[in-house]
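Text of the file protein34.cif, holding mmCIF, N, CA and C atoms and all ligand atoms:
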data_coords
loop_
_atom_site.label_atom_id
_atom_site.label_comp_id
_atom_site.auth_asym_id
_atom_site.auth_seq_id
_atom_site.Cartn_x
_atom_site.Cartn_y
_atom_site.Cartn_z
N MET A 238 35.50 56.89 138.89
CA MET A 238 36.75 56.40 138.27
C MET A 238 36.49 55.08 137.55
N ASP A 239 36.81 55.05 136.32
CA ASP A 239 36.68 53.83 135.53
C ASP A 239 37.92 52.97 135.77
N SER A 240 37.75 51.91 136.52
CA SER A 240 38.92 51.13 136.90
C SER A 240 39.36 50.17 135.79
N SER A 241 38.44 49.90 134.85
CA SER A 241 38.86 49.05 133.75
C SER A 241 39.66 49.88 132.76
N GLY A 242 40.67 49.30 132.18
CA GLY A 242 41.43 49.99 131.15
C GLY A 242 42.44 50.97 131.70
N GLU A 243 43.12 51.62 130.77
CA GLU A 243 44.19 52.54 131.13
C GLU A 243 43.66 53.96 131.22
N LYS A 244 44.46 54.78 131.83
CA LYS A 244 44.11 56.19 131.95
C LYS A 244 44.09 56.90 130.60
N TRP A 245 43.12 57.77 130.43
CA TRP A 245 43.14 58.66 129.26
C TRP A 245 44.26 59.68 129.47
N ILE A 246 44.85 60.09 128.37
CA ILE A 246 45.99 61.01 128.46
C ILE A 246 45.92 62.11 127.42
N LYS A 247 46.64 63.15 127.72
CA LYS A 247 46.90 64.17 126.72
C LYS A 247 47.85 63.50 125.73
N ASN A 248 47.50 63.48 124.44
CA ASN A 248 48.31 62.65 123.55
C ASN A 248 49.27 63.42 122.68
N GLY A 249 49.38 64.72 122.93
CA GLY A 249 50.40 65.48 122.23
C GLY A 249 50.10 65.74 120.76
N GLN A 250 48.95 65.26 120.31
CA GLN A 250 48.56 65.51 118.93
C GLN A 250 48.57 67.02 118.68
N MET A 251 49.11 67.43 117.56
CA MET A 251 49.06 68.84 117.23
C MET A 251 47.62 69.28 117.09
N PHE A 252 47.30 70.41 117.65
CA PHE A 252 45.90 70.80 117.64
C PHE A 252 45.37 71.00 116.23
N LYS A 253 46.22 71.50 115.33
CA LYS A 253 45.70 71.76 113.99
C LYS A 253 45.21 70.49 113.30
N GLU A 254 45.74 69.33 113.72
CA GLU A 254 45.30 68.08 113.12
C GLU A 254 43.90 67.68 113.57
N ILE A 255 43.50 68.18 114.72
CA ILE A 255 42.19 67.79 115.22
C ILE A 255 41.20 68.94 115.19
N ALA A 256 41.68 70.10 114.75
CA ALA A 256 40.85 71.30 114.84
C ALA A 256 39.63 71.25 113.91
N HIS A 257 39.66 70.38 112.94
CA HIS A 257 38.55 70.33 111.99
C HIS A 257 37.59 69.19 112.26
N ILE A 258 37.73 68.52 113.38
CA ILE A 258 36.80 67.42 113.69
C ILE A 258 36.10 67.68 115.02
N ASN A 259 35.03 66.95 115.25
CA ASN A 259 34.38 67.00 116.55
C ASN A 259 35.21 66.14 117.50
N THR A 260 35.55 66.72 118.62
CA THR A 260 36.46 65.98 119.52
C THR A 260 36.45 66.62 120.90
N ILE A 261 37.27 66.09 121.76
CA ILE A 261 37.56 66.75 123.03
C ILE A 261 39.03 67.09 123.03
N TYR A 262 39.39 68.13 123.76
CA TYR A 262 40.79 68.53 123.79
C TYR A 262 41.04 69.33 125.06
N CYS A 263 42.31 69.55 125.36
CA CYS A 263 42.67 70.41 126.47
C CYS A 263 42.82 71.83 125.95
N ASN A 264 42.00 72.72 126.47
CA ASN A 264 42.11 74.13 126.15
C ASN A 264 42.71 74.78 127.39
N ASP A 265 44.02 75.02 127.34
CA ASP A 265 44.79 75.27 128.56
C ASP A 265 44.48 74.12 129.53
N GLU A 266 43.97 74.40 130.70
CA GLU A 266 43.79 73.30 131.65
C GLU A 266 42.36 72.77 131.67
N ALA A 267 41.53 73.23 130.75
CA ALA A 267 40.13 72.81 130.76
C ALA A 267 39.87 71.75 129.69
N LEU A 268 39.36 70.61 130.12
CA LEU A 268 38.93 69.59 129.17
C LEU A 268 37.65 70.10 128.50
N THR A 269 37.68 70.18 127.18
CA THR A 269 36.68 70.94 126.43
C THR A 269 36.16 70.14 125.25
N VAL A 270 34.87 70.28 124.97
CA VAL A 270 34.29 69.67 123.77
C VAL A 270 34.44 70.63 122.60
N LEU A 271 34.89 70.13 121.48
CA LEU A 271 34.99 70.93 120.26
C LEU A 271 33.96 70.41 119.25
N LEU A 272 33.03 71.28 118.85
CA LEU A 272 32.05 70.92 117.83
C LEU A 272 32.20 71.85 116.66
N GLN A 273 32.23 71.29 115.47
CA GLN A 273 32.35 72.10 114.27
C GLN A 273 31.00 72.71 113.90
N PRO A 274 31.03 73.93 113.36
CA PRO A 274 29.78 74.49 112.86
C PRO A 274 29.29 73.65 111.67
N ILE A 275 27.99 73.47 111.60
CA ILE A 275 27.41 72.69 110.50
C ILE A 275 26.45 73.60 109.75
N ASP A 276 26.62 73.63 108.45
CA ASP A 276 25.77 74.44 107.60
C ASP A 276 24.31 74.03 107.76
N GLN A 277 23.44 75.00 107.89
CA GLN A 277 21.99 74.77 107.98
C GLN A 277 21.54 74.09 109.27
N SER A 278 22.43 73.98 110.24
CA SER A 278 22.06 73.20 111.42
C SER A 278 20.94 73.86 112.23
N HIS A 279 20.75 75.17 112.03
CA HIS A 279 19.65 75.83 112.75
C HIS A 279 18.30 75.27 112.31
N LYS A 280 18.26 74.64 111.14
CA LYS A 280 17.01 74.04 110.69
C LYS A 280 16.74 72.69 111.36
N CYS A 281 17.73 72.21 112.06
CA CYS A 281 17.56 70.93 112.73
C CYS A 281 18.51 70.84 113.91
N PRO A 282 18.16 71.54 115.00
CA PRO A 282 19.06 71.64 116.15
C PRO A 282 19.44 70.29 116.75
N ALA A 283 18.61 69.30 116.52
CA ALA A 283 18.90 67.98 117.10
C ALA A 283 20.24 67.43 116.62
N ILE A 284 20.62 67.77 115.40
CA ILE A 284 21.87 67.24 114.85
C ILE A 284 23.06 67.64 115.72
N VAL A 285 23.15 68.93 115.99
CA VAL A 285 24.26 69.42 116.81
C VAL A 285 24.11 68.97 118.26
N ARG A 286 22.88 69.01 118.75
CA ARG A 286 22.65 68.60 120.14
C ARG A 286 23.10 67.15 120.34
N CYS A 287 22.81 66.30 119.38
CA CYS A 287 23.17 64.88 119.54
C CYS A 287 24.66 64.64 119.31
N LEU A 288 25.30 65.48 118.50
CA LEU A 288 26.77 65.43 118.40
C LEU A 288 27.39 65.83 119.74
N ALA A 289 26.77 66.81 120.38
CA ALA A 289 27.27 67.24 121.70
C ALA A 289 27.12 66.10 122.71
N VAL A 290 26.03 65.35 122.60
CA VAL A 290 25.84 64.19 123.47
C VAL A 290 26.97 63.19 123.24
N HIS A 291 27.28 62.93 121.98
CA HIS A 291 28.37 62.02 121.62
C HIS A 291 29.70 62.46 122.27
N GLU A 292 30.04 63.72 122.05
CA GLU A 292 31.33 64.20 122.57
C GLU A 292 31.34 64.26 124.09
N SER A 293 30.17 64.50 124.69
CA SER A 293 30.12 64.57 126.15
C SER A 293 30.38 63.20 126.76
N ILE A 294 30.09 62.14 126.02
CA ILE A 294 30.44 60.79 126.50
C ILE A 294 31.97 60.66 126.57
N HIS A 295 32.66 61.10 125.52
CA HIS A 295 34.13 61.06 125.56
C HIS A 295 34.66 61.94 126.69
N TRP A 296 34.06 63.11 126.82
CA TRP A 296 34.46 64.02 127.90
C TRP A 296 34.37 63.30 129.25
N GLY A 297 33.22 62.67 129.47
CA GLY A 297 32.99 61.98 130.75
C GLY A 297 33.95 60.82 130.95
N ASP A 298 34.19 60.05 129.90
CA ASP A 298 35.12 58.92 130.02
C ASP A 298 36.53 59.41 130.32
N ALA A 299 36.94 60.45 129.61
CA ALA A 299 38.29 60.99 129.82
C ALA A 299 38.43 61.56 131.23
N PHE A 300 37.42 62.33 131.62
CA PHE A 300 37.51 62.99 132.92
C PHE A 300 37.43 62.00 134.07
N SER A 301 36.54 61.01 133.97
CA SER A 301 36.43 60.07 135.08
C SER A 301 37.66 59.17 135.15
N SER A 302 38.27 58.91 134.00
CA SER A 302 39.48 58.11 134.01
C SER A 302 40.68 58.89 134.55
N ASN A 303 40.71 60.19 134.24
CA ASN A 303 41.86 61.00 134.59
C ASN A 303 41.45 62.46 134.80
N PRO A 304 40.96 62.78 136.00
CA PRO A 304 40.46 64.13 136.26
C PRO A 304 41.54 65.20 136.05
N GLU A 305 42.80 64.81 136.07
CA GLU A 305 43.88 65.79 135.92
C GLU A 305 44.46 65.77 134.52
N ILE A 306 43.69 65.29 133.58
CA ILE A 306 44.20 65.06 132.22
C ILE A 306 44.79 66.34 131.60
N CYS A 307 44.20 67.49 131.91
CA CYS A 307 44.68 68.73 131.30
C CYS A 307 45.55 69.55 132.24
N LYS A 308 45.88 68.98 133.37
CA LYS A 308 46.65 69.73 134.35
C LYS A 308 47.99 70.16 133.77
N GLY A 309 48.30 71.44 133.92
CA GLY A 309 49.59 71.95 133.46
C GLY A 309 49.65 72.22 131.96
N ASN A 310 48.55 71.96 131.26
CA ASN A 310 48.58 72.17 129.81
C ASN A 310 48.53 73.65 129.45
N LYS A 311 49.33 74.01 128.48
CA LYS A 311 49.27 75.37 127.93
C LYS A 311 48.83 75.29 126.48
N GLY A 312 47.89 76.13 126.09
CA GLY A 312 47.41 76.10 124.71
C GLY A 312 46.43 74.96 124.48
N LYS A 313 46.45 74.42 123.28
CA LYS A 313 45.49 73.41 122.91
C LYS A 313 46.18 72.10 122.58
N SER A 314 45.72 71.02 123.20
CA SER A 314 46.32 69.72 122.96
C SER A 314 45.24 68.67 122.78
N GLY A 315 45.52 67.68 121.96
CA GLY A 315 44.61 66.56 121.80
C GLY A 315 44.58 65.69 123.04
N VAL A 316 43.56 64.86 123.09
CA VAL A 316 43.34 63.97 124.22
C VAL A 316 43.03 62.59 123.65
N GLY A 317 43.55 61.56 124.28
CA GLY A 317 43.27 60.22 123.77
C GLY A 317 43.03 59.23 124.89
N ALA A 318 42.35 58.12 124.53
CA ALA A 318 42.15 57.04 125.48
C ALA A 318 43.48 56.34 125.73
N GLY A 319 43.55 55.62 126.85
CA GLY A 319 44.79 54.94 127.20
C GLY A 319 45.17 53.83 126.24
N SER A 320 44.18 53.25 125.58
CA SER A 320 44.46 52.18 124.64
C SER A 320 43.39 52.21 123.55
N HIS A 321 43.65 51.49 122.48
CA HIS A 321 42.67 51.43 121.40
C HIS A 321 41.38 50.78 121.89
N GLU A 322 41.53 49.83 122.77
CA GLU A 322 40.35 49.16 123.31
C GLU A 322 39.49 50.14 124.11
N ASP A 323 40.15 50.96 124.92
CA ASP A 323 39.43 51.97 125.70
C ASP A 323 38.74 52.94 124.75
N TRP A 324 39.47 53.29 123.70
CA TRP A 324 38.89 54.24 122.76
C TRP A 324 37.67 53.65 122.06
N MET A 325 37.79 52.43 121.61
CA MET A 325 36.69 51.77 120.93
C MET A 325 35.47 51.67 121.83
N ARG A 326 35.70 51.35 123.09
CA ARG A 326 34.60 51.23 124.03
C ARG A 326 33.89 52.59 124.20
N SER A 327 34.69 53.64 124.31
CA SER A 327 34.12 54.98 124.46
C SER A 327 33.36 55.38 123.19
N GLU A 328 33.95 55.07 122.05
CA GLU A 328 33.34 55.44 120.77
C GLU A 328 32.00 54.72 120.58
N GLU A 329 31.96 53.47 120.92
CA GLU A 329 30.73 52.69 120.78
C GLU A 329 29.64 53.26 121.70
N LYS A 330 30.05 53.58 122.92
CA LYS A 330 29.12 54.16 123.88
C LYS A 330 28.62 55.52 123.37
N ALA A 331 29.54 56.30 122.82
CA ALA A 331 29.19 57.64 122.34
C ALA A 331 28.21 57.57 121.15
N PHE A 332 28.48 56.68 120.21
CA PHE A 332 27.58 56.55 119.07
C PHE A 332 26.21 56.04 119.51
N ASN A 333 26.18 55.14 120.47
CA ASN A 333 24.88 54.65 120.92
C ASN A 333 24.09 55.74 121.63
N ALA A 334 24.76 56.57 122.40
CA ALA A 334 24.08 57.70 123.05
C ALA A 334 23.58 58.69 122.01
N GLN A 335 24.40 58.92 120.98
CA GLN A 335 24.00 59.82 119.90
C GLN A 335 22.78 59.25 119.17
N LEU A 336 22.78 57.96 118.94
CA LEU A 336 21.64 57.30 118.29
C LEU A 336 20.36 57.47 119.09
N ARG A 337 20.45 57.23 120.40
CA ARG A 337 19.26 57.38 121.25
C ARG A 337 18.76 58.81 121.20
N CYS A 338 19.69 59.76 121.23
CA CYS A 338 19.33 61.18 121.15
C CYS A 338 18.61 61.47 119.83
N LEU A 339 19.13 60.96 118.73
CA LEU A 339 18.53 61.21 117.41
C LEU A 339 17.15 60.55 117.32
N GLU A 340 17.03 59.34 117.83
CA GLU A 340 15.75 58.64 117.75
C GLU A 340 14.69 59.35 118.58
N ARG A 341 15.09 59.84 119.74
CA ARG A 341 14.16 60.63 120.57
C ARG A 341 13.74 61.90 119.83
N SER A 342 14.71 62.53 119.19
CA SER A 342 14.46 63.81 118.54
C SER A 342 13.48 63.69 117.38
N LEU A 343 13.44 62.54 116.76
CA LEU A 343 12.50 62.33 115.65
C LEU A 343 11.06 62.55 116.08
N LYS A 344 10.81 62.35 117.36
CA LYS A 344 9.43 62.45 117.87
C LYS A 344 9.07 63.86 118.33
N GLU A 345 10.04 64.76 118.30
CA GLU A 345 9.77 66.10 118.83
C GLU A 345 8.93 66.92 117.85
N SER A 346 8.15 67.81 118.41
CA SER A 346 7.17 68.53 117.59
C SER A 346 7.81 69.51 116.60
N TYR A 347 8.96 70.07 116.97
CA TYR A 347 9.57 71.03 116.05
C TYR A 347 10.13 70.36 114.81
N CYS A 348 10.21 69.05 114.87
CA CYS A 348 10.92 68.32 113.83
C CYS A 348 10.09 68.22 112.55
N ASP A 349 10.42 69.09 111.60
CA ASP A 349 9.68 69.06 110.32
C ASP A 349 10.30 68.01 109.38
N GLU A 350 9.78 67.94 108.17
CA GLU A 350 10.22 66.91 107.23
C GLU A 350 11.72 67.02 106.92
N TYR A 351 12.18 68.26 106.73
CA TYR A 351 13.59 68.50 106.44
C TYR A 351 14.47 67.91 107.53
N CYS A 352 14.08 68.24 108.76
CA CYS A 352 14.85 67.80 109.92
C CYS A 352 14.76 66.28 110.09
N LYS A 353 13.57 65.76 109.88
CA LYS A 353 13.39 64.30 110.02
C LYS A 353 14.28 63.54 109.04
N LYS A 354 14.32 64.03 107.81
CA LYS A 354 15.15 63.35 106.80
C LYS A 354 16.63 63.38 107.19
N TRP A 355 17.03 64.56 107.71
CA TRP A 355 18.43 64.72 108.12
C TRP A 355 18.76 63.77 109.27
N ILE A 356 17.86 63.73 110.25
CA ILE A 356 18.07 62.85 111.41
C ILE A 356 18.10 61.38 110.96
N GLU A 357 17.20 61.04 110.06
CA GLU A 357 17.17 59.64 109.58
C GLU A 357 18.46 59.28 108.84
N MET A 358 18.99 60.25 108.08
CA MET A 358 20.25 60.01 107.38
C MET A 358 21.39 59.81 108.39
N GLU A 359 21.38 60.65 109.41
CA GLU A 359 22.41 60.55 110.45
C GLU A 359 22.33 59.19 111.17
N ILE A 360 21.11 58.78 111.48
CA ILE A 360 20.91 57.48 112.15
C ILE A 360 21.43 56.36 111.25
N SER A 361 21.09 56.45 109.98
CA SER A 361 21.52 55.42 109.04
C SER A 361 23.05 55.40 108.90
N ASN A 362 23.68 56.57 108.85
CA ASN A 362 25.15 56.63 108.76
C ASN A 362 25.81 55.99 109.98
N ILE A 363 25.26 56.29 111.15
CA ILE A 363 25.87 55.73 112.37
C ILE A 363 25.72 54.21 112.37
N LYS A 364 24.51 53.74 112.05
CA LYS A 364 24.27 52.29 112.11
C LYS A 364 25.00 51.53 111.01
N ASN A 365 25.05 52.14 109.82
CA ASN A 365 25.57 51.38 108.67
C ASN A 365 27.01 51.68 108.32
N ILE A 366 27.51 52.83 108.77
CA ILE A 366 28.89 53.19 108.40
C ILE A 366 29.78 53.33 109.64
N TYR A 367 29.42 54.27 110.53
CA TYR A 367 30.36 54.60 111.61
C TYR A 367 30.55 53.44 112.59
N LEU A 368 29.46 52.86 113.07
CA LEU A 368 29.62 51.76 114.04
C LEU A 368 30.30 50.54 113.42
N PRO A 369 29.89 50.08 112.23
CA PRO A 369 30.60 48.95 111.63
C PRO A 369 32.07 49.26 111.36
N LYS A 370 32.35 50.53 110.97
CA LYS A 370 33.72 50.92 110.65
C LYS A 370 34.62 50.89 111.87
N LEU A 371 34.03 51.13 113.03
CA LEU A 371 34.80 51.10 114.28
C LEU A 371 35.56 49.80 114.40
N CYS A 372 34.90 48.72 114.02
CA CYS A 372 35.49 47.39 114.20
C CYS A 372 36.63 47.16 113.22
N GLU A 373 36.62 47.85 112.10
CA GLU A 373 37.66 47.61 111.10
C GLU A 373 38.83 48.57 111.25
N GLU A 374 38.49 49.86 111.45
CA GLU A 374 39.49 50.88 111.25
C GLU A 374 40.13 51.44 112.50
N HIS A 375 39.45 51.26 113.62
CA HIS A 375 39.91 51.99 114.79
C HIS A 375 41.30 51.59 115.21
N ILE A 376 41.68 50.37 114.91
CA ILE A 376 42.98 49.88 115.38
C ILE A 376 44.13 50.68 114.75
N GLN A 377 44.02 50.93 113.46
CA GLN A 377 45.11 51.62 112.78
C GLN A 377 45.06 53.13 113.01
N ASN A 378 43.92 53.61 113.43
CA ASN A 378 43.70 55.03 113.35
C ASN A 378 43.17 55.57 114.67
N GLU A 379 43.98 56.35 115.34
CA GLU A 379 43.56 56.85 116.64
C GLU A 379 42.66 58.06 116.52
N LYS A 380 42.38 58.45 115.30
CA LYS A 380 41.64 59.69 115.09
C LYS A 380 40.31 59.71 115.85
N VAL A 381 40.06 60.81 116.47
CA VAL A 381 38.82 60.99 117.22
C VAL A 381 37.73 61.41 116.23
N PHE A 382 36.59 60.83 116.33
CA PHE A 382 35.51 61.34 115.50
C PHE A 382 34.18 61.20 116.20
ZN ZN B 1 33.54 59.78 119.11
#
With the file now loaded, output its structure as structure tokens.
Ligand SMILES: [Zn+2]
Amino acid sequence: MDSSGEKWIKNGQMFKEIAHINTIYCNDEALTVLLQPIDQSHKCPAIVRCLAVHESIHWGDAFSSNPEICKGNKGKSGVGAGSHEDWMRSEEKAFNAQLRCLERSLKESYCDEYCKKWIEMEISNIKNIYLPKLCEEHIQNEKVF
């Protein structure tokens, strides 16, 4: 149980608004990771694997904060942190875990030039765009990404 911060909650977001992003959600009563299919991802499995690592951090934060988060839910509902601060903390942790996953993957033997370039681009986007953007935009925008 994460005693710092507020409980994560089902936030009532319409599922169609989050259906096109990588996120976690309540699928009936099961807290579930949603990953979008990525074109050509079979050429570089690390990309999807590391996105799954990212979302699993949110899953873990949500579940440890509120194991009953999806209790009684019917259908599909969005899930959110108890506060923007909680969300930002989870997001930062998730991106850092994703980064470590990507950096490790660069060293794997299956990783050809195509995959390496893709991973390097992803690493650069996280370091130069997503993480810096967290500090500017997250306050106005609860969107999970
Ligand atoms: Zn995230």
Collect all residues with atoms no farther than 7 Å from ligand ZN 1 (chain B), counting all atoms listed in the file, and output them as a VMD selection string. chain A and resid 259 to 260 291 to 292 295 327 to 329 331 to 332 381 to 382
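When all atoms listed in the file are used to measure the gap to A:Leu336, the shortest distance among A:Cys372, A:Ala299, A:Ile360, A:Leu272 belongs to A:Ile360.
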Hey, can you check how far atom CA of A:Lys253 sits from atom C of A:Ile363? 26.6 Å
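For the set A:Ser301, A:Ser314, A:Gln335, A:Gln250, the residue with the smallest atom-to-atom gap to A:Ala289 is A:Gln335, counting only N, CA and C atoms.
Atom CA of A:Lys330 sits 26.2 Å away from atom C of A:Cys348.
For stretch 312-356 of chain A, the set of residues given helix (DSSP H, G or I) by DSSP on the backbone reads His321, Glu322, Asp323, Trp324, Met325, Arg326, Ser327, Glu328, Glu329, Lys330, Ala331, Phe332, Asn333, Ala334, Gln335, Leu336, Arg337, Cys338, Leu339, Glu340, Arg341, Ser342, Glu350, Tyr351, Cys352, Lys353, Lys354, Trp355 and Ile356 of chain A.
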Just list the residues in chain A DSSP gives strand (DSSP E) on the backbone, as a ChimeraX atom specification. /A:246-247,260-264,267-271,313-317
Could you tell me how far atom N of A:Asp298 sits from atom N of A:Lys313, in Å to one decimal place? 20.0 Å
My list of candidates is A:Lys370, A:Arg337, A:Lys247, A:Lys344. Which is closest to A:Val316 when distances are computed with only C-alpha atoms? A:Lys247
12 Å contact set for A:Pro282, only C-alpha atoms, chain neighbours under 3 positions out, as a VMD selection string: chain A and resid 274 to 279 285 to 289 338 to 339 342 to 343 345 347 to 349 351 to 353 355 to 356
Could you name the residues that touch A:Asn264 at 8 Å or less, counting all atoms listed in the file, but leaving out those on the same chain fewer than 6 positions away, as an NGL selection string? :A and (270 or 307 or 310-315)
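Between A:Tyr262 and the candidates A:Ser346, A:Asn362, A:Ser320, A:Asn248, the tightest atom-to-atom separation, counting only C-alpha atoms, involves A:Asn248.
For the residues A:Cys263, A:Trp324, A:Ala334, A:Arg341, ranking by smallest atom-to-atom distance to A:Ser293 using only C-alpha atoms places A:Ala334 first.
Using all atoms listed in the file, the smallest distance between any of A:Trp245, A:Lys308, A:Glu373, A:Gly319 and A:Ala267 comes from A:Lys308.
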Can you tell me which residues surround A:Ala318 at a distance of at most 6.5 Å, considering only N, CA and C atoms, apart from same-chain residues fewer than 3 positions away, and format the answer as an NGL selection string? :A and (243-246 or 321 or 323-324)
Given the selection you just returned, output its residues as a file containing N, CA and C atoms, formatted as a PDB file, in the frame of the given file.
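What landed in again_5.pdb:
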ATOM      1  N   GLU A 243      43.120  51.620 130.770  1.00  0.00           N
ATOM      2  CA  GLU A 243      44.190  52.540 131.130  1.00  0.00           C
ATOM      3  C   GLU A 243      43.660  53.960 131.220  1.00  0.00           C
ATOM      4  N   LYS A 244      44.460  54.780 131.830  1.00  0.00           N
ATOM      5  CA  LYS A 244      44.110  56.190 131.950  1.00  0.00           C
ATOM      6  C   LYS A 244      44.090  56.900 130.600  1.00  0.00           C
ATOM      7  N   TRP A 245      43.120  57.770 130.430  1.00  0.00           N
ATOM      8  CA  TRP A 245      43.140  58.660 129.260  1.00  0.00           C
ATOM      9  C   TRP A 245      44.260  59.680 129.470  1.00  0.00           C
ATOM     10  N   ILE A 246      44.850  60.090 128.370  1.00  0.00           N
ATOM     11  CA  ILE A 246      45.990  61.010 128.460  1.00  0.00           C
ATOM     12  C   ILE A 246      45.920  62.110 127.420  1.00  0.00           C
ATOM     13  N   HIS A 321      43.650  51.490 122.480  1.00  0.00           N
ATOM     14  CA  HIS A 321      42.670  51.430 121.400  1.00  0.00           C
ATOM     15  C   HIS A 321      41.380  50.780 121.890  1.00  0.00           C
ATOM     16  N   ASP A 323      40.150  50.960 124.920  1.00  0.00           N
ATOM     17  CA  ASP A 323      39.430  51.970 125.700  1.00  0.00           C
ATOM     18  C   ASP A 323      38.740  52.940 124.750  1.00  0.00           C
ATOM     19  N   TRP A 324      39.470  53.290 123.700  1.00  0.00           N
ATOM     20  CA  TRP A 324      38.890  54.240 122.760  1.00  0.00           C
ATOM     21  C   TRP A 324      37.670  53.650 122.060  1.00  0.00           C
TER      22      TRP A 324
END
Quick one: stretch 338-344 of chain A with all heavy atoms, as a PDB file, in the coordinates of the input?
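What follows is the written file result_13.pdb:
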ATOM      1  N   CYS A 338      19.690  59.760 121.230  1.00  0.00           N
ATOM      2  CA  CYS A 338      19.330  61.180 121.150  1.00  0.00           C
ATOM      3  C   CYS A 338      18.610  61.470 119.830  1.00  0.00           C
ATOM      4  O   CYS A 338      17.569  62.139 119.817  1.00  0.00           O
ATOM      5  CB  CYS A 338      20.610  62.014 121.281  1.00  0.00           C
ATOM      6  SG  CYS A 338      20.392  63.787 121.011  1.00  0.00           S
ATOM      7  N   LEU A 339      19.130  60.960 118.730  1.00  0.00           N
ATOM      8  CA  LEU A 339      18.530  61.210 117.410  1.00  0.00           C
ATOM      9  C   LEU A 339      17.150  60.550 117.320  1.00  0.00           C
ATOM     10  O   LEU A 339      16.194  61.155 116.809  1.00  0.00           O
ATOM     11  CB  LEU A 339      19.446  60.666 116.318  1.00  0.00           C
ATOM     12  CG  LEU A 339      20.747  61.442 116.108  1.00  0.00           C
ATOM     13  CD1 LEU A 339      21.728  60.626 115.262  1.00  0.00           C
ATOM     14  CD2 LEU A 339      20.492  62.795 115.461  1.00  0.00           C
ATOM     15  N   GLU A 340      17.030  59.340 117.830  1.00  0.00           N
ATOM     16  CA  GLU A 340      15.750  58.640 117.750  1.00  0.00           C
ATOM     17  C   GLU A 340      14.690  59.350 118.580  1.00  0.00           C
ATOM     18  O   GLU A 340      13.539  59.452 118.166  1.00  0.00           O
ATOM     19  CB  GLU A 340      15.935  57.163 118.171  1.00  0.00           C
ATOM     20  CG  GLU A 340      16.560  56.359 117.033  1.00  0.00           C
ATOM     21  CD  GLU A 340      17.166  55.022 117.461  1.00  0.00           C
ATOM     22  OE1 GLU A 340      17.231  54.730 118.681  1.00  0.00           O
ATOM     23  OE2 GLU A 340      17.592  54.275 116.557  1.00  0.00           O
ATOM     24  N   ARG A 341      15.090  59.840 119.740  1.00  0.00           N
ATOM     25  CA  ARG A 341      14.160  60.630 120.570  1.00  0.00           C
ATOM     26  C   ARG A 341      13.740  61.900 119.830  1.00  0.00           C
ATOM     27  O   ARG A 341      12.583  62.300 119.860  1.00  0.00           O
ATOM     28  CB  ARG A 341      14.834  61.040 121.887  1.00  0.00           C
ATOM     29  CG  ARG A 341      14.499  60.182 123.066  1.00  0.00           C
ATOM     30  CD  ARG A 341      14.855  60.872 124.402  1.00  0.00           C
ATOM     31  NE  ARG A 341      16.075  61.680 124.366  1.00  0.00           N
ATOM     32  CZ  ARG A 341      17.286  61.213 124.642  1.00  0.00           C
ATOM     33  NH1 ARG A 341      17.480  59.939 124.952  1.00  0.00           N
ATOM     34  NH2 ARG A 341      18.332  62.014 124.603  1.00  0.00           N
ATOM     35  N   SER A 342      14.710  62.530 119.190  1.00  0.00           N
ATOM     36  CA  SER A 342      14.460  63.810 118.540  1.00  0.00           C
ATOM     37  C   SER A 342      13.480  63.690 117.380  1.00  0.00           C
ATOM     38  O   SER A 342      12.772  64.648 117.051  1.00  0.00           O
ATOM     39  CB  SER A 342      15.767  64.411 118.019  1.00  0.00           C
ATOM     40  OG  SER A 342      16.673  64.573 119.075  1.00  0.00           O
ATOM     41  N   LEU A 343      13.440  62.540 116.760  1.00  0.00           N
ATOM     42  CA  LEU A 343      12.500  62.330 115.650  1.00  0.00           C
ATOM     43  C   LEU A 343      11.060  62.550 116.080  1.00  0.00           C
ATOM     44  O   LEU A 343      10.203  62.894 115.281  1.00  0.00           O
ATOM     45  CB  LEU A 343      12.628  60.891 115.120  1.00  0.00           C
ATOM     46  CG  LEU A 343      13.656  60.620 114.038  1.00  0.00           C
ATOM     47  CD1 LEU A 343      13.599  59.149 113.651  1.00  0.00           C
ATOM     48  CD2 LEU A 343      13.442  61.498 112.821  1.00  0.00           C
ATOM     49  N   LYS A 344      10.810  62.350 117.360  1.00  0.00           N
ATOM     50  CA  LYS A 344       9.430  62.450 117.870  1.00  0.00           C
ATOM     51  C   LYS A 344       9.070  63.860 118.330  1.00  0.00           C
ATOM     52  O   LYS A 344       7.933  64.106 118.715  1.00  0.00           O
ATOM     53  CB  LYS A 344       9.246  61.477 119.041  1.00  0.00           C
ATOM     54  CG  LYS A 344       9.444  60.024 118.622  1.00  0.00           C
ATOM     55  CD  LYS A 344       9.445  59.106 119.848  1.00  0.00           C
ATOM     56  CE  LYS A 344       9.940  57.711 119.475  1.00  0.00           C
ATOM     57  NZ  LYS A 344      10.686  57.088 120.568  1.00  0.00           N
TER      58      LYS A 344
END
